[in-house]
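Structure file upload13.txt with compact mmCIF, C-alpha atoms:
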# COMPACT_ATOMS: atom_id res chain seq x y z
CA MET A 1 61.83 10.51 2.58
CA THR A 2 60.75 9.85 6.16
CA ARG A 3 58.16 7.23 6.70
CA ILE A 4 54.67 8.70 7.11
CA LYS A 5 51.78 6.61 8.27
CA ARG A 6 48.33 7.67 7.25
CA GLY A 7 47.17 7.25 10.80
CA TYR A 8 43.50 7.33 11.53
CA ILE A 9 42.30 9.41 8.58
CA ALA A 10 40.93 6.53 6.56
CA ARG A 11 39.49 4.86 9.65
CA ARG A 12 37.50 7.96 10.57
CA ARG A 13 36.03 8.14 7.07
CA ARG A 14 35.18 4.46 7.07
CA THR A 15 33.52 4.64 10.50
CA LYS A 16 31.04 7.14 9.12
CA LEU A 17 30.49 4.86 6.18
CA ARG A 18 29.93 1.93 8.50
CA LEU A 19 27.30 3.83 10.40
CA PHE A 20 25.49 4.68 7.19
CA ALA A 21 25.51 1.10 5.92
CA SER A 22 24.85 -0.47 9.31
CA SER A 23 21.36 -1.68 8.41
CA PHE A 24 22.24 -3.29 5.07
CA ARG A 25 21.98 -6.97 4.44
CA GLY A 26 24.89 -9.42 4.55
CA ALA A 27 28.25 -8.38 3.21
CA HIS A 28 26.84 -4.95 2.34
CA SER A 29 27.17 -3.95 5.97
CA ARG A 30 30.39 -5.77 6.76
CA LEU A 31 32.92 -5.35 3.97
CA THR A 32 34.36 -1.87 3.47
CA ARG A 33 34.71 -1.86 -0.29
CA THR A 34 31.23 -3.25 -0.79
CA MET A 35 29.87 -0.74 1.70
CA THR A 36 31.23 2.19 -0.30
CA GLN A 37 29.56 0.92 -3.44
CA GLN A 38 26.25 0.19 -1.75
CA ARG A 39 26.25 3.57 -0.05
CA ILE A 40 26.57 5.26 -3.43
CA ARG A 41 23.71 3.16 -4.84
CA ALA A 42 21.56 3.88 -1.81
CA LEU A 43 22.09 7.62 -2.11
CA VAL A 44 21.37 7.52 -5.85
CA SER A 45 18.14 5.63 -5.22
CA ALA A 46 17.14 8.08 -2.52
CA HIS A 47 17.78 11.07 -4.79
CA ARG A 48 15.90 9.61 -7.72
CA ASP A 49 13.00 8.40 -5.60
CA ARG A 50 12.53 11.77 -3.92
CA GLY A 51 11.34 12.94 -7.32
CA LYS A 52 9.44 9.72 -7.99
CA ARG A 53 7.69 9.92 -4.63
CA LYS A 54 5.70 12.90 -5.75
CA ARG A 55 4.61 11.06 -8.89
CA ASP A 56 3.83 7.84 -7.03
CA PHE A 57 1.58 9.45 -4.50
CA ARG A 58 -0.35 11.35 -7.14
CA ARG A 59 -0.90 8.07 -8.98
CA LEU A 60 -2.17 6.44 -5.83
CA TRP A 61 -4.60 9.28 -5.10
CA ILE A 62 -5.93 9.20 -8.63
CA THR A 63 -6.51 5.44 -8.48
CA ARG A 64 -8.29 5.71 -5.16
CA ILE A 65 -10.53 8.54 -6.34
CA ASN A 66 -11.27 6.67 -9.58
CA ALA A 67 -12.32 3.57 -7.63
CA VAL A 68 -14.93 5.48 -5.65
CA ILE A 69 -16.15 7.61 -8.55
CA HIS A 70 -16.82 4.55 -10.70
CA GLU A 71 -19.37 3.32 -8.20
CA MET A 72 -21.35 6.50 -8.60
CA GLY A 73 -22.85 5.92 -12.00
CA VAL A 74 -22.48 3.81 -15.09
CA PHE A 75 -20.68 6.30 -17.28
CA TYR A 76 -19.01 8.36 -14.56
CA SER A 77 -15.28 8.29 -14.14
CA TYR A 78 -12.32 10.16 -12.69
CA ASN A 79 -11.70 12.26 -15.76
CA LYS A 80 -15.27 13.53 -15.91
CA PHE A 81 -15.19 14.23 -12.18
CA ILE A 82 -12.01 16.30 -12.50
CA HIS A 83 -13.43 18.13 -15.49
CA ASN A 84 -16.49 19.07 -13.47
CA LEU A 85 -14.27 20.18 -10.60
CA TYR A 86 -12.34 22.47 -12.86
CA LYS A 87 -15.47 23.85 -14.44
CA LYS A 88 -16.80 24.86 -11.04
CA GLN A 89 -13.34 26.16 -10.10
CA LEU A 90 -13.14 23.99 -7.02
CA LEU A 91 -9.56 23.94 -5.79
CA LEU A 92 -9.51 20.65 -3.89
CA ASN A 93 -6.40 18.68 -4.75
CA ARG A 94 -6.24 14.96 -5.38
CA LYS A 95 -4.65 14.19 -2.03
CA ILE A 96 -7.50 15.67 -0.05
CA LEU A 97 -10.06 14.17 -2.42
CA ALA A 98 -8.57 10.72 -1.89
CA GLN A 99 -8.61 11.17 1.87
CA ILE A 100 -12.22 12.34 1.73
CA ALA A 101 -13.10 9.33 -0.43
CA LEU A 102 -11.68 7.06 2.23
CA LEU A 103 -12.65 8.70 5.48
CA ASN A 104 -15.86 10.56 4.70
CA ARG A 105 -17.46 8.92 1.68
CA SER A 106 -20.79 10.71 1.95
CA CYS A 107 -19.00 14.05 1.78
CA LEU A 108 -17.48 13.05 -1.54
CA TYR A 109 -20.92 12.06 -2.85
CA THR A 110 -22.21 15.52 -1.88
CA ILE A 111 -19.33 17.23 -3.65
CA SER A 112 -19.72 15.23 -6.82
CA ASN A 113 -23.49 15.65 -6.96
CA ASP A 114 -23.08 19.38 -6.52
CA ILE A 115 -20.58 19.71 -9.33
CA LYS A 116 -22.52 17.51 -11.70
CA LYS A 117 -25.29 20.08 -11.87
CA MET B 118 5.81 15.72 32.82
CA ALA B 119 5.62 12.31 34.42
CA VAL B 120 3.33 11.04 31.68
CA LEU B 121 5.98 11.63 29.03
CA CYS B 122 8.38 9.06 30.48
CA SER B 123 6.81 5.68 30.38
CA SER B 124 9.00 3.80 32.80
CA SER B 125 9.73 6.35 35.46
CA THR B 126 9.02 5.07 38.91
CA VAL B 127 9.59 8.31 40.79
CA ILE B 128 7.32 11.28 40.19
CA LEU B 129 9.49 14.05 38.85
CA PRO B 130 9.22 17.63 39.92
CA THR B 131 7.34 19.30 37.11
CA SER B 132 9.76 21.88 35.88
CA SER B 133 13.20 20.47 36.40
CA VAL B 134 13.74 17.77 33.78
CA LYS B 135 16.17 18.37 30.98
CA SER B 136 14.78 16.13 28.25
CA SER B 137 16.64 15.55 25.05
CA GLY B 138 13.82 14.46 22.76
CA CYS B 139 10.99 16.75 23.77
CA GLU B 140 12.18 20.32 23.33
CA ARG B 141 8.84 21.21 21.87
CA LYS B 142 6.89 20.79 25.05
CA SER B 143 9.31 20.94 27.97
CA PRO B 144 10.93 24.07 29.32
CA PHE B 145 14.70 23.90 28.96
CA LEU B 146 16.59 24.63 32.12
CA GLY B 147 20.22 25.33 32.60
CA PHE B 148 20.97 23.13 35.60
CA SER B 149 21.06 19.39 35.63
CA LEU B 150 18.89 17.16 37.68
CA THR B 151 20.31 15.24 40.59
CA ALA B 152 17.18 13.24 41.46
CA ILE B 153 17.00 9.74 40.05
CA SER B 154 14.29 9.16 37.46
CA LYS B 155 15.02 5.62 36.24
CA PRO B 156 16.50 2.77 38.26
CA SER B 157 18.65 1.80 35.28
CA VAL B 158 20.74 5.00 35.32
CA ARG B 159 21.49 4.79 39.02
CA VAL B 160 24.99 3.44 38.46
CA GLY B 161 26.04 6.04 35.96
CA ILE B 162 24.37 9.00 37.60
CA TYR B 163 27.60 10.60 38.79
CA ALA B 164 29.30 10.09 35.48
CA ASN B 165 26.39 11.65 33.59
CA SER B 166 25.52 14.38 36.04
CA LYS B 167 27.46 17.00 34.13
CA ARG B 168 25.26 16.52 31.07
CA GLY B 169 22.13 15.97 33.08
CA LEU B 170 19.74 13.15 32.63
CA GLN B 171 18.65 12.29 29.11
CA VAL B 172 15.07 11.25 29.18
CA LYS B 173 13.94 9.26 26.19
CA CYS B 174 10.33 9.98 25.48
CA GLU B 175 8.00 7.55 23.80
CA ALA B 176 8.07 7.21 20.06
CA GLU B 177 4.62 8.70 19.63
CA GLN B 178 5.96 12.16 20.32
CA THR B 179 7.68 12.26 16.94
CA THR B 180 4.54 11.71 14.85
CA THR B 181 2.74 14.80 13.63
CA THR B 182 -0.35 15.80 15.52
CA SER B 183 -3.16 17.55 13.81
CA LEU B 184 -3.02 20.85 15.78
CA VAL B 185 -6.55 21.96 15.04
CA PRO B 186 -7.01 25.71 15.68
CA ALA B 187 -9.22 26.58 18.60
CA ASN B 188 -12.11 28.02 16.63
CA GLN B 189 -12.45 24.85 14.50
CA ARG B 190 -12.36 22.33 17.31
CA TRP B 191 -16.12 21.92 17.34
CA MET B 192 -16.04 20.20 13.94
CA PHE B 193 -13.89 17.30 15.09
CA ASP B 194 -14.20 14.48 17.55
CA GLU B 195 -11.82 14.25 20.47
CA GLU B 196 -9.57 11.62 18.96
CA GLU B 197 -9.39 13.43 15.62
CA ALA B 198 -8.52 16.81 17.06
CA ASN B 199 -5.82 15.67 19.48
CA GLY B 200 -4.63 12.53 17.79
CA PRO B 201 -2.39 11.96 14.78
CA ASP B 202 -3.04 13.84 11.58
CA ILE B 203 -5.29 11.64 9.43
CA TRP B 204 -6.13 14.23 6.78
CA ASN B 205 -2.74 15.40 5.58
CA THR B 206 -0.99 12.02 5.63
CA THR B 207 -2.10 9.55 2.98
CA TRP B 208 -3.85 6.60 4.53
CA TYR B 209 -1.89 3.36 4.67
CA PRO B 210 -3.57 0.16 5.85
CA LYS B 211 -2.67 -1.36 9.19
CA ALA B 212 -2.50 -5.12 9.69
CA SER B 213 -6.06 -5.19 11.01
CA ASP B 214 -7.33 -3.58 7.78
CA HIS B 215 -6.45 -6.53 5.58
CA VAL B 216 -7.16 -9.66 7.62
CA ASN B 217 -8.01 -12.49 5.25
CA THR B 218 -10.94 -13.67 7.34
CA ASP B 219 -12.73 -10.34 7.00
CA LYS B 220 -12.46 -10.02 3.24
CA PRO B 221 -15.61 -10.39 1.14
CA TRP B 222 -16.13 -13.40 -1.11
CA PHE B 223 -17.78 -13.19 -4.54
CA VAL B 224 -19.23 -15.84 -6.87
CA VAL B 225 -19.41 -15.64 -10.65
CA ASP B 226 -21.11 -18.06 -12.99
CA ALA B 227 -18.91 -18.25 -16.07
CA THR B 228 -21.59 -19.72 -18.35
CA ASP B 229 -21.52 -17.93 -21.73
CA LYS B 230 -19.36 -15.08 -20.50
CA ILE B 231 -16.61 -13.72 -22.71
CA LEU B 232 -13.34 -14.97 -21.26
CA GLY B 233 -11.24 -11.81 -21.34
CA ARG B 234 -13.92 -9.46 -20.07
CA LEU B 235 -14.74 -11.81 -17.22
CA ALA B 236 -11.06 -12.21 -16.31
CA SER B 237 -10.61 -8.44 -16.30
CA THR B 238 -13.45 -7.88 -13.83
CA ILE B 239 -12.24 -10.71 -11.61
CA ALA B 240 -8.68 -9.39 -11.59
CA ASN B 241 -9.88 -5.93 -10.60
CA HIS B 242 -11.81 -7.30 -7.67
CA ILE B 243 -8.99 -9.56 -6.53
CA ARG B 244 -6.50 -6.72 -6.63
CA GLY B 245 -8.83 -4.35 -4.82
CA LYS B 246 -8.85 -1.66 -7.50
CA ASN B 247 -12.56 -1.01 -6.99
CA LEU B 248 -12.03 0.04 -3.37
CA ALA B 249 -11.10 3.42 -1.96
CA SER B 250 -8.62 1.64 0.29
CA TYR B 251 -6.60 0.37 -2.70
CA THR B 252 -2.90 0.12 -1.91
CA PRO B 253 -0.50 -1.33 -4.49
CA SER B 254 1.79 -2.91 -1.92
CA VAL B 255 -0.89 -4.55 0.22
CA ASP B 256 -3.44 -7.24 -0.55
CA MET B 257 -6.73 -5.42 -0.01
CA GLY B 258 -8.84 -7.27 -2.53
CA ALA B 259 -11.57 -9.85 -2.19
CA PHE B 260 -11.81 -13.57 -2.88
CA VAL B 261 -13.55 -14.66 -6.10
CA ILE B 262 -15.09 -18.04 -6.87
CA VAL B 263 -15.77 -19.01 -10.48
CA VAL B 264 -18.21 -21.84 -11.18
CA ASN B 265 -19.14 -23.56 -14.44
CA ALA B 266 -15.68 -22.80 -15.76
CA GLU B 267 -16.02 -25.27 -18.60
CA LYS B 268 -18.82 -23.17 -20.14
CA VAL B 269 -16.82 -19.97 -20.56
CA ALA B 270 -17.15 -18.54 -24.07
CA VAL B 271 -14.90 -16.85 -26.57
CA SER B 272 -15.91 -14.92 -29.66
CA GLY B 273 -14.89 -15.49 -33.25
CA LYS B 274 -12.89 -18.56 -34.21
CA LYS B 275 -10.86 -18.57 -31.00
CA ARG B 276 -12.38 -21.81 -29.88
CA ASN B 277 -10.37 -23.70 -32.49
CA GLN B 278 -7.61 -21.18 -33.13
CA LYS B 279 -6.49 -19.77 -29.76
CA LEU B 280 -3.32 -21.54 -28.71
CA TYR B 281 -2.09 -22.22 -25.21
CA ARG B 282 1.62 -22.84 -25.09
CA ARG B 283 3.82 -24.18 -22.35
CA HIS B 284 7.48 -25.14 -22.27
CA SER B 285 9.04 -27.72 -20.02
CA GLY B 286 12.47 -26.04 -20.06
CA ARG B 287 14.17 -28.77 -22.10
CA PRO B 288 14.95 -28.39 -25.80
CA GLY B 289 12.01 -29.40 -27.93
CA GLY B 290 9.76 -29.23 -24.92
CA MET B 291 7.13 -26.83 -26.23
CA THR B 292 3.58 -28.12 -26.02
CA VAL B 293 0.86 -26.33 -27.95
CA GLU B 294 -2.85 -26.86 -27.33
CA THR B 295 -5.93 -25.22 -28.75
CA PHE B 296 -8.63 -23.68 -26.62
CA ASP B 297 -11.08 -26.55 -26.99
CA GLN B 298 -8.44 -29.22 -26.38
CA LEU B 299 -7.54 -27.54 -23.09
CA GLN B 300 -11.19 -27.15 -22.27
CA GLN B 301 -11.67 -30.93 -22.69
CA ARG B 302 -8.63 -31.66 -20.54
CA ILE B 303 -8.52 -29.12 -17.70
CA PRO B 304 -11.20 -26.42 -18.07
CA GLU B 305 -10.21 -24.56 -14.89
CA ARG B 306 -6.82 -23.75 -16.33
CA ILE B 307 -8.34 -21.52 -19.02
CA VAL B 308 -9.85 -19.07 -16.54
CA GLU B 309 -6.81 -19.30 -14.28
CA HIS B 310 -4.44 -18.56 -17.17
CA ALA B 311 -6.52 -15.56 -18.19
CA VAL B 312 -6.72 -14.06 -14.69
CA ARG B 313 -3.08 -14.74 -13.91
CA GLY B 314 -2.07 -12.75 -16.96
CA MET B 315 -4.05 -9.79 -15.65
CA LEU B 316 -2.75 -9.79 -12.09
CA PRO B 317 0.56 -8.12 -11.25
CA LYS B 318 3.63 -10.33 -11.65
CA GLY B 319 5.63 -10.59 -8.48
CA ARG B 320 5.38 -11.85 -4.96
CA LEU B 321 2.18 -10.00 -4.24
CA GLY B 322 0.67 -11.03 -7.58
CA ARG B 323 1.34 -14.67 -6.87
CA ALA B 324 -0.26 -14.30 -3.46
CA LEU B 325 -3.27 -12.58 -5.06
CA PHE B 326 -3.68 -15.44 -7.50
CA ASN B 327 -4.40 -17.73 -4.58
CA HIS B 328 -7.54 -15.71 -3.89
CA LEU B 329 -9.09 -17.02 -7.10
CA LYS B 330 -10.99 -20.29 -6.84
CA VAL B 331 -12.18 -21.89 -10.10
CA TYR B 332 -14.46 -24.90 -10.26
CA LYS B 333 -15.76 -27.06 -13.08
CA GLY B 334 -19.37 -27.69 -12.17
CA PRO B 335 -22.06 -25.50 -10.71
CA ASP B 336 -21.19 -26.00 -7.03
CA HIS B 337 -18.28 -24.91 -4.86
CA PRO B 338 -17.16 -25.87 -1.36
CA HIS B 339 -17.18 -22.32 0.01
CA GLU B 340 -20.79 -21.99 1.17
CA ALA B 341 -19.55 -21.17 4.67
CA GLN B 342 -17.98 -17.94 3.42
CA LYS B 343 -21.42 -16.74 2.20
CA PRO B 344 -20.21 -15.40 -1.13
CA LEU B 345 -22.10 -12.56 -2.79
CA ASP B 346 -22.70 -12.15 -6.51
CA LEU B 347 -19.84 -10.43 -8.27
CA PRO B 348 -21.08 -7.03 -9.53
CA ILE B 349 -20.23 -6.83 -13.23
CA ARG B 350 -20.30 -3.44 -14.93
CA ASP B 351 -19.27 -4.58 -18.39
CA LYS B 352 -22.27 -4.72 -20.69
CA ARG B 353 -20.60 -6.78 -23.40
CA ILE B 354 -19.52 -9.61 -21.13
CA GLN B 355 -22.41 -11.87 -22.03
CA LEU B 356 -21.97 -13.81 -25.25
CA GLN B 357 -24.37 -12.55 -27.94
CA LYS B 358 -26.08 -15.45 -29.66
Rewrite the structure from the file as structure tokens, please.
Amino acid sequence: MTRIKRGYIARRRRTKLRLFASSFRGAHSRLTRTMTQQRIRALVSAHRDRGKRKRDFRRLWITRINAVIHEMGVFYSYNKFIHNLYKKQLLLNRKILAQIALLNRSCLYTISNDIKK
Amino acid sequence: MAVLCSSSTVILPTSSVKSSGCERKSPFLGFSLTAISKPSVRVGIYANSKRGLQVKCEAEQTTTTSLVPANQRWMFDEEEANGPDIWNTTWYPKASDHVNTDKPWFVVDATDKILGRLASTIANHIRGKNLASYTPSVDMGAFVIVVNAEKVAVSGKKRNQKLYRRHSGRPGGMTVETFDQLQQRIPERIVEHAVRGMLPKGRLGRALFNHLKVYKGPDHPHEAQKPLDLPIRDKRIQLQK
């Protein structure tokens, strides 16, 4: 068999890998074999956390809304607020409610007083 | 067009810049520019002239603007309507939103308060969970001072039966103390142990723990911070005698 060098095939693949892992810490951006492993882990984390991101943000909005609603009465809480919202068929979602609670607090007070009736 | 390039020293003709990052706003033309826009590309201007000049716009062009429709503009201020979108992106605190010197300080008198209920309220205030600006990754909470820590109360037989354990790391190094023994020795540690167990465990949690100040007697050295009274919503926090 004639001698066949692999040429630049592997180098081209590894250059792309190097670009991907260029911002990693320590050996994870310098050593090729470690870079392949860390790239896989990074992509797995990204994939899994794209789903988690939706959950995380909803949690954050709920906590923020709950914090403001608790100040509005002794026995008033997030779950009662949401129940009242659904009873009045108000379609505001938790993201917008949390932003309103932060940026325009008096508007949230108006909304919640209106739905309590 | 000149306002888009921050460091251009020559005023460009308005319609003849081929910009790589701002296709949204600039008209794309087929011919390349031969005028010099930045002093730094003067050397390579003949090498790059086939591709034209690549103007790097400022980073703020990539953030989303709010794009309020014309018939709703009257509802918003100038900076809200033209600036970044503050309603559809969840608010995240900037560095100026959590400066330690601007945070409120609270005082609690621990006399005859149930230990766990008091610690729970304190931990909520230190973590910032009572604020609309709560962020789990940022320290947005307040500072809390506890005075008269030696008078904190527990219900039932916990005074003689609740055990505080610690281990030195060596074999046989477990020390066990009861509640009242620890209260004789170091009364501040009781409240600190209770609140530390209720704060998150991690780097941020350890930093939050430093916002708790516990003192034995009725006075504290933080009069200059003008602490307010900690608002307690729990009705069963006071020991029933």
> Excluding same-chain residues fewer than 6 positions from Trp208 (chain B), what lies within 10 Å of it counting all atoms listed in the file, as number ranges by chain?
Replying inline: A: 98-99, 102-103; B: 250-252
Selection from above, C-alpha atoms, as an mmCIF file, keeping the file's coordinate frame, can you write it?
data_model
loop_
_atom_site.group_PDB
_atom_site.id
_atom_site.type_symbol
_atom_site.label_atom_id
_atom_site.label_comp_id
_atom_site.auth_asym_id
_atom_site.auth_seq_id
_atom_site.Cartn_x
_atom_site.Cartn_y
_atom_site.Cartn_z
ATOM 1 C CA ALA A 98 -8.570 10.720 -1.890
ATOM 2 C CA GLN A 99 -8.610 11.170 1.870
ATOM 3 C CA LEU A 102 -11.680 7.060 2.230
ATOM 4 C CA LEU A 103 -12.650 8.700 5.480
ATOM 5 C CA SER B 250 -8.620 1.640 0.290
ATOM 6 C CA TYR B 251 -6.600 0.370 -2.700
ATOM 7 C CA THR B 252 -2.900 0.120 -1.910
#
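Comparing the minimum interatomic distances between chain A and each of B:Lys274, B:His242, B:Arg234, B:Lys211, counting all atoms listed in the file, we find that B:His242 sits nearest.
Across B:Tyr209, B:Trp191, B:Phe296, B:Tyr281, the tightest approach to chain A is made by B:Tyr209 when counting only C-alpha atoms.
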> Which of these residues is nearest to chain B, using only C-alpha atoms: A:Lys95, A:Arg12, A:Lys88, A:Arg6?
Replying inline: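 Smallest separation from chain B among the options: A:Lys95.
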Box time for region 51-61 of chain A: axis-aligned, enclosing all its listed atoms, 8 Å extra on each side; report centre and edge lengths in Å to one decimal, as JSON.
{"center_x": 3.4, "center_y": 9.7, "center_z": -6.7, "size_x": 31.9, "size_y": 22.5, "size_z": 20.5}
Tell me, counting all atoms listed in the file, for each residue of chain B within 9 Å of chain A, which pair of atoms is nearest and how far apart they are in Å to one decimal, in rows ordered by chain and increasing number, as a Markdown table.
| residue | atom | partner | partner_atom | distance |
| --- | --- | --- | --- | --- |
| B:Ile203 | CA | A:Gln99 | CA | 8.3 |
| B:Trp204 | CA | A:Gln99 | CA | 6.3 |
| B:Asn205 | CA | A:Ile96 | CA | 7.4 |
| B:Thr206 | CA | A:Gln99 | CA | 8.5 |
| B:Thr207 | CA | A:Gln99 | CA | 6.8 |
| B:Trp208 | CA | A:Gln99 | CA | 7.1 |
| B:Lys246 | CA | A:Ala67 | CA | 6.3 |
| B:Asn247 | CA | A:Ala67 | CA | 4.6 |
| B:Leu248 | CA | A:Ala67 | CA | 5.5 |
| B:Ala249 | CA | A:Arg64 | CA | 4.8 |
| B:Ser250 | CA | A:Leu102 | CA | 6.5 |
| B:Tyr251 | CA | A:Arg64 | CA | 6.1 |
| B:Thr252 | CA | A:Leu60 | CA | 7.5 |
| B:Pro253 | CA | A:Leu60 | CA | 8.1 |
| B:Arg350 | CA | A:Val74 | CA | 7.6 |
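The closest residue to Ser237 (chain B), picked from B:Pro221, B:Gly314, B:Gly258, B:Gly200 and counting all atoms listed in the file, is B:Gly314.
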> So which residues touch region 23-29 of chain A within 12 Å, counting all atoms listed in the file, skipping near sequence neighbours fewer than 4 positions away, as a VMD selection string?
Replying inline: chain A and resid 14 to 15 17 to 19 33 to 42
>> I'd like the interatomic distance between CA of Ala46 (chain A) and CA of Ile9 (chain A), to a tenth of an Å.
In response: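 Separation of CA of Ala46 (chain A) and CA of Ile9 (chain A): 27.5 Å.
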Show which residues sit within 9 Å of Ser112 (chain A), as a PDB file with C-alpha atoms, in the coordinates of the input. Count all atoms listed in the file, and ignore same-chain residues fewer than 6 positions away.
ATOM      1  CA  ILE A  69     -16.150   7.610  -8.550  1.00  0.00           C
ATOM      2  CA  PHE A  81     -15.190  14.230 -12.180  1.00  0.00           C
ATOM      3  CA  ASN A  84     -16.490  19.070 -13.470  1.00  0.00           C
ATOM      4  CA  LEU A  85     -14.270  20.180 -10.600  1.00  0.00           C
TER       5      LEU A  85
END
> Counting all atoms listed in the file, what is within 9 Å of Ala266 (chain B), bar same-chain residues fewer than 2 positions away, as a PyMOL selection string?
Replying inline: chain B and resi 226-228+263-264+268-269+304-308+331-335
Written file, previous selection with C-alpha atoms, as a PDB file, in the coordinates of the input:
ATOM      1  CA  ASP B 226     -21.110 -18.060 -12.990  1.00  0.00           C
ATOM      2  CA  ALA B 227     -18.910 -18.250 -16.070  1.00  0.00           C
ATOM      3  CA  THR B 228     -21.590 -19.720 -18.350  1.00  0.00           C
ATOM      4  CA  VAL B 263     -15.770 -19.010 -10.480  1.00  0.00           C
ATOM      5  CA  VAL B 264     -18.210 -21.840 -11.180  1.00  0.00           C
ATOM      6  CA  LYS B 268     -18.820 -23.170 -20.140  1.00  0.00           C
ATOM      7  CA  VAL B 269     -16.820 -19.970 -20.560  1.00  0.00           C
ATOM      8  CA  PRO B 304     -11.200 -26.420 -18.070  1.00  0.00           C
ATOM      9  CA  GLU B 305     -10.210 -24.560 -14.890  1.00  0.00           C
ATOM     10  CA  ARG B 306      -6.820 -23.750 -16.330  1.00  0.00           C
ATOM     11  CA  ILE B 307      -8.340 -21.520 -19.020  1.00  0.00           C
ATOM     12  CA  VAL B 308      -9.850 -19.070 -16.540  1.00  0.00           C
ATOM     13  CA  VAL B 331     -12.180 -21.890 -10.100  1.00  0.00           C
ATOM     14  CA  TYR B 332     -14.460 -24.900 -10.260  1.00  0.00           C
ATOM     15  CA  LYS B 333     -15.760 -27.060 -13.080  1.00  0.00           C
ATOM     16  CA  GLY B 334     -19.370 -27.690 -12.170  1.00  0.00           C
ATOM     17  CA  PRO B 335     -22.060 -25.500 -10.710  1.00  0.00           C
TER      18      PRO B 335
END
>> Using only C-alpha atoms, can you tell me which of B:Gln278, B:Ser285, B:Ser254, B:Thr182 comes closest to Ala324 (chain B)?
In response: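 The shortest atom-to-atom distance to Ala324 (chain B) comes from B:Ser254.
Between Ile62 (chain A) and the residues A:Ile115, A:Leu108, A:Leu97, A:Leu31, the shortest atom-to-atom distance, using only C-alpha atoms, involves A:Leu97.
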>> If I take CA of Gly73 (chain A) and CA of Asp346 (chain B), how far is one from the other in Å, to one decimal?
In response: 18.9 Å
If you count all atoms listed in the file, which residues fall within 8 Å of Ala236 (chain B), apart from same-chain ones fewer than 5 positions away, as a CSV table (one decimal) with C-alpha atoms, in the frame of the given file?
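Below is the file that was written, part-v6.csv:
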chain,number,residue,atom,x,y,z
B,308,VAL,CA,-9.8,-19.1,-16.5
B,311,ALA,CA,-6.5,-15.6,-18.2
B,312,VAL,CA,-6.7,-14.1,-14.7
B,315,MET,CA,-4.0,-9.8,-15.6
